[in-house]
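Pasting model-v7.cif here (mmCIF, C-alpha atoms):
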```
data_start
loop_
_atom_site.group_PDB
_atom_site.id
_atom_site.type_symbol
_atom_site.label_atom_id
_atom_site.label_comp_id
_atom_site.auth_asym_id
_atom_site.auth_seq_id
_atom_site.Cartn_x
_atom_site.Cartn_y
_atom_site.Cartn_z
ATOM 1 C CA MET A 3 -10.860 1.089 -6.738
ATOM 2 C CA LEU A 4 -9.299 -0.529 -3.717
ATOM 3 C CA VAL A 5 -5.808 -1.948 -4.047
ATOM 4 C CA LEU A 6 -3.827 -3.721 -1.387
ATOM 5 C CA ILE A 7 -0.111 -2.970 -1.449
ATOM 6 C CA THR A 8 2.348 -5.218 0.338
ATOM 7 C CA TYR A 9 6.097 -4.850 0.339
ATOM 8 C CA ASP A 10 9.243 -6.521 1.577
ATOM 9 C CA VAL A 11 12.298 -4.295 1.547
ATOM 10 C CA ASP A 12 15.700 -5.773 2.373
ATOM 11 C CA THR A 13 16.896 -3.853 5.437
ATOM 12 C CA ILE A 14 20.165 -5.748 5.858
ATOM 13 C CA SER A 15 21.934 -3.617 3.257
ATOM 14 C CA VAL A 16 23.199 -0.182 4.278
ATOM 15 C CA ASP A 17 20.608 1.739 2.252
ATOM 16 C CA GLY A 18 17.760 -0.706 2.992
ATOM 17 C CA PRO A 19 16.201 1.095 5.986
ATOM 18 C CA LYS A 20 16.120 4.342 3.988
ATOM 19 C CA ARG A 21 14.346 2.601 1.078
ATOM 20 C CA LEU A 22 11.891 1.055 3.534
ATOM 21 C CA ARG A 23 10.971 4.467 4.997
ATOM 22 C CA LYS A 24 10.557 5.958 1.521
ATOM 23 C CA VAL A 25 8.283 3.145 0.346
ATOM 24 C CA ALA A 26 6.124 3.498 3.468
ATOM 25 C CA LYS A 27 5.954 7.273 3.045
ATOM 26 C CA VAL A 28 4.727 6.959 -0.545
ATOM 27 C CA CYS A 29 2.096 4.413 0.511
ATOM 28 C CA VAL A 30 0.876 6.668 3.342
ATOM 29 C CA ASN A 31 0.214 9.374 0.748
ATOM 30 C CA TYR A 32 -2.244 7.089 -1.045
ATOM 31 C CA GLY A 33 -3.803 4.952 1.654
ATOM 32 C CA HIS A 34 -4.013 3.601 5.155
ATOM 33 C CA ARG A 35 -1.590 1.217 6.846
ATOM 34 C CA VAL A 36 -3.426 -1.898 8.017
ATOM 35 C CA GLN A 37 -0.352 -3.919 9.013
ATOM 36 C CA ASN A 38 3.372 -3.181 9.138
ATOM 37 C CA SER A 39 4.029 -3.555 5.413
ATOM 38 C CA VAL A 40 0.446 -3.609 4.122
ATOM 39 C CA PHE A 41 -1.605 -0.649 2.894
ATOM 40 C CA GLU A 42 -5.194 -0.324 1.684
ATOM 41 C CA CYS A 43 -5.363 2.391 -0.965
ATOM 42 C CA PHE A 44 -8.410 3.853 -2.720
ATOM 43 C CA VAL A 45 -7.084 5.172 -6.021
ATOM 44 C CA ASN A 46 -8.285 5.888 -9.520
ATOM 45 C CA GLN A 47 -6.438 4.555 -12.563
ATOM 46 C CA SER A 48 -4.183 7.597 -13.019
ATOM 47 C CA GLN A 49 -3.265 7.678 -9.323
ATOM 48 C CA LEU A 50 -2.394 3.991 -9.505
ATOM 49 C CA VAL A 51 -0.031 4.566 -12.433
ATOM 50 C CA ILE A 52 1.725 7.353 -10.531
ATOM 51 C CA LEU A 53 1.898 5.271 -7.340
ATOM 52 C CA LYS A 54 3.392 2.280 -9.142
ATOM 53 C CA ASN A 55 5.987 4.470 -10.882
ATOM 54 C CA GLN A 56 6.980 6.088 -7.588
ATOM 55 C CA LEU A 57 7.380 2.726 -5.850
ATOM 56 C CA GLU A 58 9.280 1.217 -8.754
ATOM 57 C CA GLY A 59 11.746 4.094 -8.624
ATOM 58 C CA LEU A 60 12.442 3.566 -4.921
ATOM 59 C CA ILE A 61 13.170 -0.126 -4.611
ATOM 60 C CA ASP A 62 16.164 -2.258 -5.482
ATOM 61 C CA LYS A 63 14.577 -4.804 -7.848
ATOM 62 C CA ASN A 64 17.235 -7.373 -6.979
ATOM 63 C CA LYS A 65 16.535 -7.212 -3.228
ATOM 64 C CA ASP A 66 13.041 -5.832 -2.646
ATOM 65 C CA SER A 67 9.516 -6.883 -3.573
ATOM 66 C CA ILE A 68 6.212 -5.037 -3.927
ATOM 67 C CA ARG A 69 2.901 -6.804 -4.577
ATOM 68 C CA ILE A 70 -0.290 -5.002 -5.579
ATOM 69 C CA TYR A 71 -3.626 -6.788 -5.261
ATOM 70 C CA TYR A 72 -6.504 -5.286 -7.213
ATOM 71 C CA LEU A 73 -9.714 -5.615 -5.198
ATOM 72 C CA GLY A 74 -11.713 -3.237 -7.388
ATOM 73 C CA ASN A 75 -14.833 -1.280 -6.566
ATOM 74 C CA ASN A 76 -16.755 -4.231 -5.109
ATOM 75 C CA TRP A 77 -14.056 -4.960 -2.579
ATOM 76 C CA HIS A 78 -16.539 -5.487 0.285
ATOM 77 C CA ARG A 79 -17.261 -8.959 -1.097
ATOM 78 C CA HIS A 80 -13.559 -9.850 -1.145
ATOM 79 C CA VAL A 81 -12.408 -8.763 2.313
ATOM 80 C CA ASP A 82 -13.079 -10.611 5.552
ATOM 81 C CA HIS A 83 -11.643 -9.284 8.781
ATOM 82 C CA ILE A 84 -11.162 -11.036 12.111
ATOM 83 C CA GLY A 85 -9.872 -9.330 15.236
ATOM 84 C CA LYS A 86 -9.022 -5.768 16.113
ATOM 85 C CA GLU A 87 -10.189 -3.313 13.483
ATOM 86 C CA THR A 88 -7.161 -1.428 12.178
ATOM 87 C CA SER A 89 -8.735 0.089 9.116
ATOM 88 C CA LEU A 90 -10.542 3.375 8.648
ATOM 89 C CA ASN A 91 -13.831 3.651 6.825
ATOM 90 C CA LEU A 92 -12.243 5.176 3.750
ATOM 91 C CA GLU A 93 -15.583 5.620 2.030
ATOM 92 C CA GLY A 94 -17.160 7.519 4.920
ATOM 93 C CA ASN A 95 -16.740 11.107 6.043
ATOM 94 C CA LEU A 96 -13.537 11.948 7.853
ATOM 95 C CA ILE A 97 -13.665 14.672 10.472
ATOM 96 C CA LEU A 98 -10.332 16.313 11.120
#
```
Now that the file is in, can you turn its structure into structure tokens?
Amino acid sequence: MLVLITYDVDTISVDGPKRLRKVAKVCVNYGHRVQNSVFECFVNQSQLVILKNQLEGLIDKNKDSIRIYYLGNNWHRHVDHIGKETSLNLEGNLIL
């Protein structure tokens, strides 16, 4: 399934920038950055549980926010894009 993860980490506090980098690093392990604090992630149910637990353990719940949008397997019907393409074809073959 495709999930869209967005986050807002308070970087004014001393440890904020470190939390921000850690959240981004976890998201990179599961998906592709499409905007500064927005990731598209193709995950199965067990991966999603692990991802959510990892993110929950990183943030300060009084200062930071993470939102997860569940677009499912038929996500093509729910996503419109205008402008420069910043996303990879995550369903296609990747040549490294």
Within 8 Å of stretch 3-20 of chain A using only C-alpha atoms, minus same-chain residues under 3 positions, as a PyMOL selection string: chain A and resi 23-24+29+39-46+61+65-75+77
Contacts of stretch 56-59 of chain A at 7 Å (all atoms listed in the file; same-chain gap of 3+ positions) as number ranges by chain: A: 25, 52-53
Between atom CA of A:Gln37 and atom CA of A:Asp62, what is the distance, to one decimal in Å? 22.0 Å
Using all atoms listed in the file: which of A:His34, A:Lys86, A:Arg21, A:Lys27 has the shortest distance to A:Lys63: A:Arg21
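Taking atom CA of A:Lys54 and atom CA of A:Tyr32 as the two end points, the separation is 11.0 Å.
Each of A:Asn64, A:Asn38, A:Asn55, A:Gln49 was compared to A:Leu22 using all atoms listed in the file, and A:Asn38 turns out to be the nearest.
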How big is the axis-aligned box, and where does its centre sit, when it encloses all atoms of stretch 49-67 of chain A listed in the file and has 4 Å added on every side, reported in Å to one decimal as AutoDock Vina command-line options?
```
--center_x 7.0 --center_y 0.2 --center_z -7.5 --size_x 28.5 --size_y 23.1 --size_z 17.8
```
Missing atoms in stretch 6-18 of chain A: fill them in up to N, CA, C and O atoms and send the result as a PDB file, in the coordinates of the input.
```pdb
ATOM      1  N   LEU A   6      -4.576  -3.359  -2.570  1.00  0.00           N
ATOM      2  CA  LEU A   6      -3.827  -3.721  -1.387  1.00  0.00           C
ATOM      3  C   LEU A   6      -2.369  -3.777  -1.793  1.00  0.00           C
ATOM      4  O   LEU A   6      -2.013  -4.487  -2.734  1.00  0.00           O
ATOM      5  N   ILE A   7      -1.536  -3.019  -1.127  1.00  0.00           N
ATOM      6  CA  ILE A   7      -0.111  -2.970  -1.449  1.00  0.00           C
ATOM      7  C   ILE A   7       0.659  -3.598  -0.303  1.00  0.00           C
ATOM      8  O   ILE A   7       0.492  -3.212   0.855  1.00  0.00           O
ATOM      9  N   THR A   8       1.478  -4.579  -0.648  1.00  0.00           N
ATOM     10  CA  THR A   8       2.348  -5.218   0.338  1.00  0.00           C
ATOM     11  C   THR A   8       3.783  -5.082  -0.163  1.00  0.00           C
ATOM     12  O   THR A   8       4.030  -5.070  -1.364  1.00  0.00           O
ATOM     13  N   TYR A   9       4.707  -4.975   0.768  1.00  0.00           N
ATOM     14  CA  TYR A   9       6.097  -4.850   0.339  1.00  0.00           C
ATOM     15  C   TYR A   9       7.031  -5.528   1.326  1.00  0.00           C
ATOM     16  O   TYR A   9       6.732  -5.684   2.507  1.00  0.00           O
ATOM     17  N   ASP A  10       8.165  -5.932   0.797  1.00  0.00           N
ATOM     18  CA  ASP A  10       9.243  -6.521   1.577  1.00  0.00           C
ATOM     19  C   ASP A  10      10.524  -5.875   1.093  1.00  0.00           C
ATOM     20  O   ASP A  10      10.967  -6.125  -0.030  1.00  0.00           O
ATOM     21  N   VAL A  11      11.072  -5.014   1.909  1.00  0.00           N
ATOM     22  CA  VAL A  11      12.298  -4.295   1.547  1.00  0.00           C
ATOM     23  C   VAL A  11      13.442  -4.857   2.384  1.00  0.00           C
ATOM     24  O   VAL A  11      13.342  -4.951   3.606  1.00  0.00           O
ATOM     25  N   ASP A  12      14.519  -5.226   1.706  1.00  0.00           N
ATOM     26  CA  ASP A  12      15.700  -5.773   2.373  1.00  0.00           C
ATOM     27  C   ASP A  12      16.351  -4.692   3.226  1.00  0.00           C
ATOM     28  O   ASP A  12      16.867  -3.708   2.696  1.00  0.00           O
ATOM     29  N   THR A  13      16.321  -4.861   4.540  1.00  0.00           N
ATOM     30  CA  THR A  13      16.896  -3.853   5.437  1.00  0.00           C
ATOM     31  C   THR A  13      18.279  -4.237   5.941  1.00  0.00           C
ATOM     32  O   THR A  13      18.841  -3.533   6.768  1.00  0.00           O
ATOM     33  N   ILE A  14      18.821  -5.337   5.440  1.00  0.00           N
ATOM     34  CA  ILE A  14      20.165  -5.748   5.858  1.00  0.00           C
ATOM     35  C   ILE A  14      21.217  -4.880   5.193  1.00  0.00           C
ATOM     36  O   ILE A  14      22.237  -4.546   5.805  1.00  0.00           O
ATOM     37  N   SER A  15      20.976  -4.468   3.957  1.00  0.00           N
ATOM     38  CA  SER A  15      21.934  -3.617   3.257  1.00  0.00           C
ATOM     39  C   SER A  15      21.958  -2.233   3.903  1.00  0.00           C
ATOM     40  O   SER A  15      21.018  -1.831   4.602  1.00  0.00           O
ATOM     41  N   VAL A  16      23.004  -1.489   3.659  1.00  0.00           N
ATOM     42  CA  VAL A  16      23.199  -0.182   4.278  1.00  0.00           C
ATOM     43  C   VAL A  16      22.076   0.787   3.924  1.00  0.00           C
ATOM     44  O   VAL A  16      21.575   1.514   4.785  1.00  0.00           O
ATOM     45  N   ASP A  17      21.643   0.800   2.676  1.00  0.00           N
ATOM     46  CA  ASP A  17      20.608   1.739   2.252  1.00  0.00           C
ATOM     47  C   ASP A  17      19.190   1.174   2.374  1.00  0.00           C
ATOM     48  O   ASP A  17      18.217   1.847   2.074  1.00  0.00           O
ATOM     49  N   GLY A  18      19.054  -0.059   2.864  1.00  0.00           N
ATOM     50  CA  GLY A  18      17.760  -0.706   2.992  1.00  0.00           C
ATOM     51  C   GLY A  18      16.765   0.022   3.889  1.00  0.00           C
ATOM     52  O   GLY A  18      15.616   0.253   3.484  1.00  0.00           O
TER      53      GLY A  18
END
```
